[in-house]
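Source file: target-v4.txt. Holds: compact mmCIF, C-alpha atoms.
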# COMPACT_ATOMS: atom_id res chain seq x y z
CA MET A 148 309.35 188.28 450.88
CA ASN A 149 306.99 185.70 449.40
CA GLY A 150 303.68 184.63 450.87
CA VAL A 151 303.81 181.22 452.57
CA LEU A 152 300.32 180.97 454.04
CA GLU A 153 297.36 182.74 452.47
CA ILE A 154 293.75 182.79 453.55
CA ARG A 155 291.22 184.25 451.16
CA ARG A 156 287.63 185.14 451.99
CA LEU A 157 287.58 182.58 454.76
CA THR A 158 284.25 181.87 456.45
CA LYS A 159 283.57 179.26 459.13
CA GLN A 160 280.12 178.54 460.49
CA PHE A 161 279.27 176.05 463.23
CA VAL A 162 275.84 174.57 463.84
CA LYS A 163 274.56 174.29 467.41
CA ASP A 164 270.97 173.43 468.34
CA ASP A 165 269.94 173.97 464.71
CA LEU A 166 271.39 177.49 464.79
CA GLY A 167 274.26 178.65 462.62
CA ILE A 168 277.05 180.39 464.56
CA VAL A 169 279.55 182.34 462.45
CA ALA A 170 283.08 182.29 463.88
CA LEU A 171 284.79 183.89 460.88
CA ARG A 172 283.40 185.83 457.94
CA ASP A 173 285.30 186.74 454.74
CA LEU A 174 288.74 186.91 456.40
CA THR A 175 291.64 187.54 454.02
CA LEU A 176 295.22 187.49 455.31
CA GLY A 177 298.66 186.76 453.87
CA VAL A 178 301.69 185.64 455.88
CA GLN A 179 305.12 186.33 454.40
CA GLU A 180 308.05 183.96 454.64
CA GLY A 181 310.34 184.44 457.65
CA CYS A 182 307.97 186.92 459.32
CA PHE A 183 306.76 186.79 462.93
CA VAL A 184 303.09 187.79 462.79
CA THR A 185 301.16 188.31 466.01
CA VAL A 186 297.38 188.21 465.79
CA LEU A 187 295.77 190.26 468.55
CA GLY A 188 292.13 190.10 469.52
CA ARG A 189 289.61 189.65 472.28
CA SER A 190 288.18 186.26 473.23
CA GLY A 191 285.58 185.05 470.76
CA CYS A 192 286.84 186.97 467.72
CA GLY A 193 287.81 183.79 465.84
CA LYS A 194 291.58 183.67 466.43
CA SER A 195 291.70 179.99 467.39
CA THR A 196 289.31 179.05 464.58
CA MET A 197 291.62 180.84 462.15
CA LEU A 198 294.63 178.80 463.35
CA ASN A 199 292.64 175.55 463.17
CA LEU A 200 291.82 176.35 459.56
CA MET A 201 295.40 177.38 458.73
CA SER A 202 296.73 174.14 460.24
CA GLY A 203 294.36 172.00 458.21
CA LEU A 204 292.64 170.56 461.30
CA MET A 205 289.36 172.18 460.25
CA ARG A 206 287.71 172.78 456.88
CA PRO A 207 286.27 176.22 456.03
CA THR A 208 282.61 176.71 455.23
CA SER A 209 283.76 178.84 452.32
CA GLY A 210 287.00 180.43 451.15
CA VAL A 211 290.42 178.82 450.87
CA VAL A 212 293.67 178.36 452.80
CA THR A 213 296.82 177.87 450.72
CA TYR A 214 300.36 176.85 451.64
CA ARG A 215 302.83 177.97 448.97
CA ASP A 216 299.87 178.35 446.56
CA GLU A 217 298.64 174.81 447.23
CA PRO A 218 295.21 174.41 448.90
CA VAL A 219 295.40 173.10 452.46
CA SER A 220 293.11 170.07 452.83
CA GLY A 221 294.59 168.59 456.03
CA PRO A 222 297.55 168.77 458.42
CA ARG A 223 300.99 169.10 456.83
CA THR A 224 304.42 168.29 458.26
CA GLU A 225 305.64 171.71 457.08
CA VAL A 226 303.26 173.42 459.52
CA GLY A 227 303.69 172.96 463.29
CA TYR A 228 300.86 173.84 465.68
CA MET A 229 301.08 174.52 469.42
CA THR A 230 297.62 174.85 470.96
CA GLN A 231 296.49 176.57 474.17
CA SER A 232 296.04 173.29 476.02
CA ASP A 233 298.63 170.64 476.81
CA THR A 234 298.68 167.93 474.16
CA LEU A 235 301.69 165.95 475.38
CA MET A 236 301.08 162.18 475.36
CA PRO A 237 300.74 161.23 479.07
CA TRP A 238 302.17 157.73 478.51
CA ARG A 239 305.38 159.11 476.95
CA ASP A 240 308.23 160.74 478.83
CA VAL A 241 309.66 164.06 477.64
CA VAL A 242 312.23 162.66 475.23
CA HIS A 243 309.71 160.30 473.59
CA ASN A 244 307.15 163.11 473.30
CA VAL A 245 309.72 165.31 471.56
CA GLU A 246 310.71 162.44 469.26
CA MET A 247 307.12 161.83 468.10
CA PRO A 248 307.07 164.16 465.02
CA MET A 249 310.31 162.61 463.80
CA GLU A 250 308.89 159.11 464.27
CA ILE A 251 305.96 160.10 462.06
CA GLN A 252 308.43 161.36 459.45
CA GLY A 253 310.37 158.09 459.55
CA VAL A 254 313.59 159.51 461.00
CA GLN A 255 315.99 156.84 462.23
CA ALA A 256 316.04 156.22 466.00
CA LYS A 257 319.62 157.39 466.59
CA GLU A 258 319.13 160.62 464.65
CA ARG A 259 315.83 161.50 466.27
CA ARG A 260 317.19 160.83 469.77
CA ALA A 261 320.15 163.16 469.15
CA ARG A 262 317.87 165.93 467.85
CA ALA A 263 315.39 165.47 470.71
CA VAL A 264 318.14 165.74 473.33
CA ASP A 265 319.46 168.89 471.63
CA LEU A 266 316.01 170.51 471.60
CA ILE A 267 315.37 169.55 475.21
CA GLU A 268 318.60 171.31 476.13
CA ARG A 269 317.68 174.37 474.07
CA VAL A 270 314.37 174.80 475.89
CA GLY A 271 316.00 174.31 479.30
CA LEU A 272 314.72 170.84 480.22
CA THR A 273 318.01 168.94 480.48
CA GLY A 274 317.69 166.47 483.34
CA PHE A 275 313.95 165.97 482.79
CA GLU A 276 314.18 163.74 479.70
CA ARG A 277 312.68 160.73 481.53
CA HIS A 278 309.93 162.64 483.33
CA TYR A 279 306.31 162.17 482.32
CA PRO A 280 303.94 165.13 481.74
CA ARG A 281 302.22 164.56 485.10
CA GLU A 282 305.59 165.06 486.80
CA LEU A 283 306.22 168.45 485.17
CA SER A 284 305.08 171.95 486.09
CA GLY A 285 302.90 173.92 483.69
CA GLY A 286 305.89 175.88 482.43
CA MET A 287 307.89 172.69 481.85
CA ARG A 288 305.04 171.18 479.85
CA ARG A 289 304.94 174.31 477.70
CA ARG A 290 308.70 173.99 477.10
CA ALA A 291 308.31 170.33 476.16
CA SER A 292 305.46 171.19 473.80
CA LEU A 293 307.61 173.85 472.15
CA ALA A 294 310.47 171.37 471.71
CA ARG A 295 308.10 168.80 470.22
CA MET A 296 306.72 171.31 467.71
CA LEU A 297 310.25 172.27 466.65
CA ALA A 298 311.37 168.63 466.38
CA GLY A 299 309.61 168.17 463.06
CA ASP A 300 311.54 171.16 461.67
CA PRO A 301 308.39 172.85 460.32
CA GLU A 302 308.66 175.85 458.03
CA VAL A 303 305.67 177.53 459.70
CA LEU A 304 304.90 177.68 463.43
CA LEU A 305 301.32 178.33 464.57
CA LEU A 306 300.98 179.17 468.28
CA ASP A 307 297.64 179.74 469.98
CA GLU A 308 298.18 181.78 473.19
CA PRO A 309 300.82 179.22 474.25
CA PHE A 310 301.88 181.11 477.39
CA GLY A 311 298.54 182.63 478.37
CA ALA A 312 297.97 180.43 481.43
CA LEU A 313 301.42 181.07 482.94
CA ASP A 314 302.44 183.68 485.50
CA ALA A 315 303.97 186.91 484.20
CA GLN A 316 307.57 186.07 485.09
CA LEU A 317 307.52 182.63 483.45
CA ARG A 318 305.67 183.99 480.43
CA SER A 319 308.44 186.57 479.95
CA VAL A 320 311.11 183.84 480.13
CA LEU A 321 309.37 181.66 477.53
CA GLN A 322 308.74 184.64 475.23
CA ALA A 323 312.49 185.32 475.25
CA GLU A 324 313.25 181.65 474.61
CA LEU A 325 310.84 181.52 471.68
CA LEU A 326 312.47 184.59 470.11
CA ARG A 327 315.92 183.12 470.64
CA LEU A 328 314.92 179.86 468.96
CA TRP A 329 313.19 181.66 466.07
CA GLN A 330 315.78 184.33 465.22
CA GLY A 331 318.00 183.18 462.38
CA SER A 332 315.93 180.03 461.76
CA GLY A 333 314.13 181.36 458.68
CA GLN A 334 310.86 180.00 460.06
CA THR A 335 307.54 181.80 459.71
CA VAL A 336 305.46 182.33 462.87
CA VAL A 337 301.78 183.14 463.43
CA PHE A 338 301.30 183.80 467.15
CA VAL A 339 297.82 184.43 468.57
CA THR A 340 297.45 186.49 471.75
CA HIS A 341 295.05 188.80 473.57
CA ASP A 342 297.93 190.68 475.26
CA ILE A 343 299.05 193.94 473.61
CA GLU A 344 302.51 193.98 475.17
CA GLU A 345 303.16 190.38 474.10
CA ALA A 346 302.04 191.16 470.55
CA LEU A 347 304.41 194.13 470.31
CA LEU A 348 307.33 192.40 472.02
CA LEU A 349 307.25 189.43 469.65
CA GLY A 350 305.88 190.56 466.32
CA ASP A 351 307.31 192.01 463.13
CA ARG A 352 303.68 192.69 462.29
CA VAL A 353 300.54 192.89 464.40
CA VAL A 354 297.10 192.09 462.98
CA VAL A 355 294.19 193.18 465.20
CA LEU A 356 290.99 191.19 464.70
CA GLY A 357 287.50 192.31 465.57
CA ARG A 358 284.28 190.31 465.67
CA VAL A 359 284.06 187.29 463.31
CA GLY A 360 287.61 187.95 462.13
CA ARG A 361 287.25 191.49 460.81
CA VAL A 362 290.74 192.99 460.33
CA VAL A 363 290.72 196.26 462.27
CA LEU A 364 294.44 197.03 461.99
CA ASP A 365 297.40 195.49 460.16
CA LYS A 366 300.59 197.19 461.35
CA VAL A 367 304.31 196.63 460.67
CA ILE A 368 306.21 196.86 463.98
CA ASP A 369 309.52 198.62 463.42
CA LEU A 370 310.90 198.28 466.94
CA PRO A 371 314.55 197.16 466.74
CA ARG A 372 315.55 193.64 467.78
CA PRO A 373 316.53 192.21 470.19
CA ARG A 374 313.73 193.59 472.33
CA ASP A 375 313.80 193.84 476.09
CA ALA A 376 310.39 194.10 477.74
CA ASP A 377 311.56 196.34 480.60
CA GLU A 378 313.28 198.76 478.23
CA LEU A 379 310.38 198.79 475.78
CA ARG A 380 307.85 199.86 478.40
CA VAL A 381 309.51 203.27 478.68
CA ASP A 382 310.27 203.66 474.96
CA PRO A 383 308.10 206.48 473.52
CA HIS A 384 307.63 204.64 470.20
CA PHE A 385 306.47 201.51 472.03
CA VAL A 386 304.08 203.59 474.15
CA GLY A 387 302.63 205.12 470.98
CA LEU A 388 302.18 201.70 469.37
CA HIS A 389 300.55 200.40 472.55
CA LYS A 390 298.03 203.27 472.47
CA GLU A 391 297.31 202.54 468.79
CA MET A 392 296.66 198.87 469.55
CA THR A 393 294.44 199.77 472.52
CA ALA A 394 292.37 202.04 470.30
CA ALA A 395 292.09 199.30 467.65
CA LEU A 396 290.84 196.80 470.24
CA ARG A 397 288.23 199.29 471.40
CA GLU A 398 287.07 199.67 467.78
CA ALA A 399 287.00 195.88 467.44
CA ARG A 400 284.19 195.45 469.97
In C-alpha cells, how does this file's structure come out?
Amino acid sequence: MNGVLEIRRLTKQFVKDDLGIVALRDLTLGVQEGCFVTVLGRSGCGKSTMLNLMSGLMRPTSGVVTYRDEPVSGPRTEVGYMTQSDTLMPWRDVVHNVEMPMEIQGVQAKERRARAVDLIERVGLTGFERHYPRELSGGMRRRASLARMLAGDPEVLLLDEPFGALDAQLRSVLQAELLRLWQGSGQTVVFVTHDIEEALLLGDRVVVLGRVGRVVLDKVIDLPRPRDADELRVDPHFVGLHKEMTAALREAR
C-alpha cells in the first residue's frame, strides 16, 4: 500500500503570555492508503494538534505534511475532518447541512439532494431531514456530522474523538456504523481516541503517542474483521493487545 498522508519531523509551538508551549516535537508518521489507523494517547499529548495540521487548518512551526507527496498548505476537498465538537450549521436543517460539502464542490442541486438523502438513510436519520441541530440529540448530531463529512466523498477521513462524549451504548452503535460505512470504500481513516478498546476495535494499526507527540508504539492489529466488541473482550489475543497498549500508555506519561 502507498502512503497517502505523511508527516515528517513535525513541530508545533504555540505562544501564550510570551511563553512558547510545544504541542508536538519532531513527529514523523506515514498513513497508508485504505488503512484504518487509530491514534491512541492521553489528553494533552498533541493528538488534536496533529489532526489540525494534517487537515491543513493549522500550519506547523517546522516540518512538513504531505498529501500524495504534495505539501499541505490548507484544507483540501480530498480530506474530510470530523472534530470533537459539533460544527453543524445551526441555521441549516439536516439535509442542507449534509449537502454543504457538495455545494462547495459545485455539484448540481438534484444530484446533491439525492446523495444527501442516501447518506442520511445510511446513518439512520431518515425522517429527520428537516430537523435543525437544536432539535436533535447528541447522537443524532454526530450521525449528521458523519454524513456531512462523507458527502464530499473524501479519500481520507480524519476523526477527532468523534464519539467520546456519548454514552457507552450509543458509542458502540456509532462505532459499528462507521466500520460498516468504511469497509469496502477504499477510504483511509485516521481516528484519534483515548480509549484502548475503541482503538483496538476499529484500527488496522494503532499508534500510541506520548508527550509532545512521541511515538511510543506503532502496532499492526491483526484481529479478524468483522469485529464484535462483546466477543473481543474475551478473546485471548485481544486481551494481550489490550495489556500491551496499557503498558505503552503508562510509558507515555
* To do: Choose the residue, out of A:Gly357, A:Gly177, A:Gly191, A:Gly271, that has the smallest atom-to-atom separation from Val211 of chain A; count all atoms listed in the file.
  => A:Gly177
Just the residues within 7 Å of Ser292 of chain A, please, counting all atoms listed in the file, with nothing from its chain fewer than 4 positions along; format it as a tab-separated table (two decimals) with C-alpha atoms, in the frame of the given file.
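Okay, this is what ended up in out.tsv:
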chain	number	residue	atom	x	y	z
A	235	LEU	CA	301.69	165.95	475.38
A	288	ARG	CA	305.04	171.18	479.85
A	296	MET	CA	306.72	171.31	467.71
* So which residues touch Met249 of chain A within 7 Å, counting all atoms listed in the file, skipping near sequence neighbours fewer than 4 positions away, as number ranges by chain? -> A: 253-254, 259, 298-299
* Test item: residues at most 12 Å from Glu282 of chain A, only C-alpha atoms, excluding those fewer than 6 positions along its chain, as a list of chain:residue names ->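 Final neighbour list, sorted by chain and number: A:Pro237, A:Trp238, A:Arg239, A:Asp240, A:Val241, A:Phe275, A:Glu276, A:Arg288.
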Which polymer residues, protein or nucleic acid, are no farther than 12 Å from (292.8, 171.2, 451.9), counting all atoms listed in the file, as a short mmCIF file (atom, residue, chain, number, x, y, z; two decimals) with C-alpha atoms, keeping the file's coordinate frame?
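Saved the output as out_11.cif:
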data_model
loop_
_atom_site.label_atom_id
_atom_site.label_comp_id
_atom_site.auth_asym_id
_atom_site.auth_seq_id
_atom_site.Cartn_x
_atom_site.Cartn_y
_atom_site.Cartn_z
CA ILE A 154 293.75 182.79 453.55
CA LEU A 200 291.82 176.35 459.56
CA MET A 201 295.40 177.38 458.73
CA SER A 202 296.73 174.14 460.24
CA GLY A 203 294.36 172.00 458.21
CA LEU A 204 292.64 170.56 461.30
CA MET A 205 289.36 172.18 460.25
CA ARG A 206 287.71 172.78 456.88
CA PRO A 207 286.27 176.22 456.03
CA SER A 209 283.76 178.84 452.32
CA GLY A 210 287.00 180.43 451.15
CA VAL A 211 290.42 178.82 450.87
CA VAL A 212 293.67 178.36 452.80
CA THR A 213 296.82 177.87 450.72
CA TYR A 214 300.36 176.85 451.64
CA ASP A 216 299.87 178.35 446.56
CA GLU A 217 298.64 174.81 447.23
CA PRO A 218 295.21 174.41 448.90
CA VAL A 219 295.40 173.10 452.46
CA SER A 220 293.11 170.07 452.83
CA GLY A 221 294.59 168.59 456.03
CA PRO A 222 297.55 168.77 458.42
CA ARG A 223 300.99 169.10 456.83
#
* Asked: How many Å lie between atom CA of Arg397 of chain A and atom CA of Leu187 of chain A, rounded to one decimal?
  ->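 Going from atom CA of Arg397 of chain A over to atom CA of Leu187 of chain A, I get 12.1 Å.
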* **Coordinates-based distance that separates atom CA of Val355 of chain A from atom CA of Ala291 of chain A (Å, one decimal)** =>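 That distance, rounded to one decimal, is 29.0 Å.
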* By how many Å are atom CA of Val151 of chain A and atom CA of Ala294 of chain A apart? ->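 Interatomic distance here is 22.5 Å.
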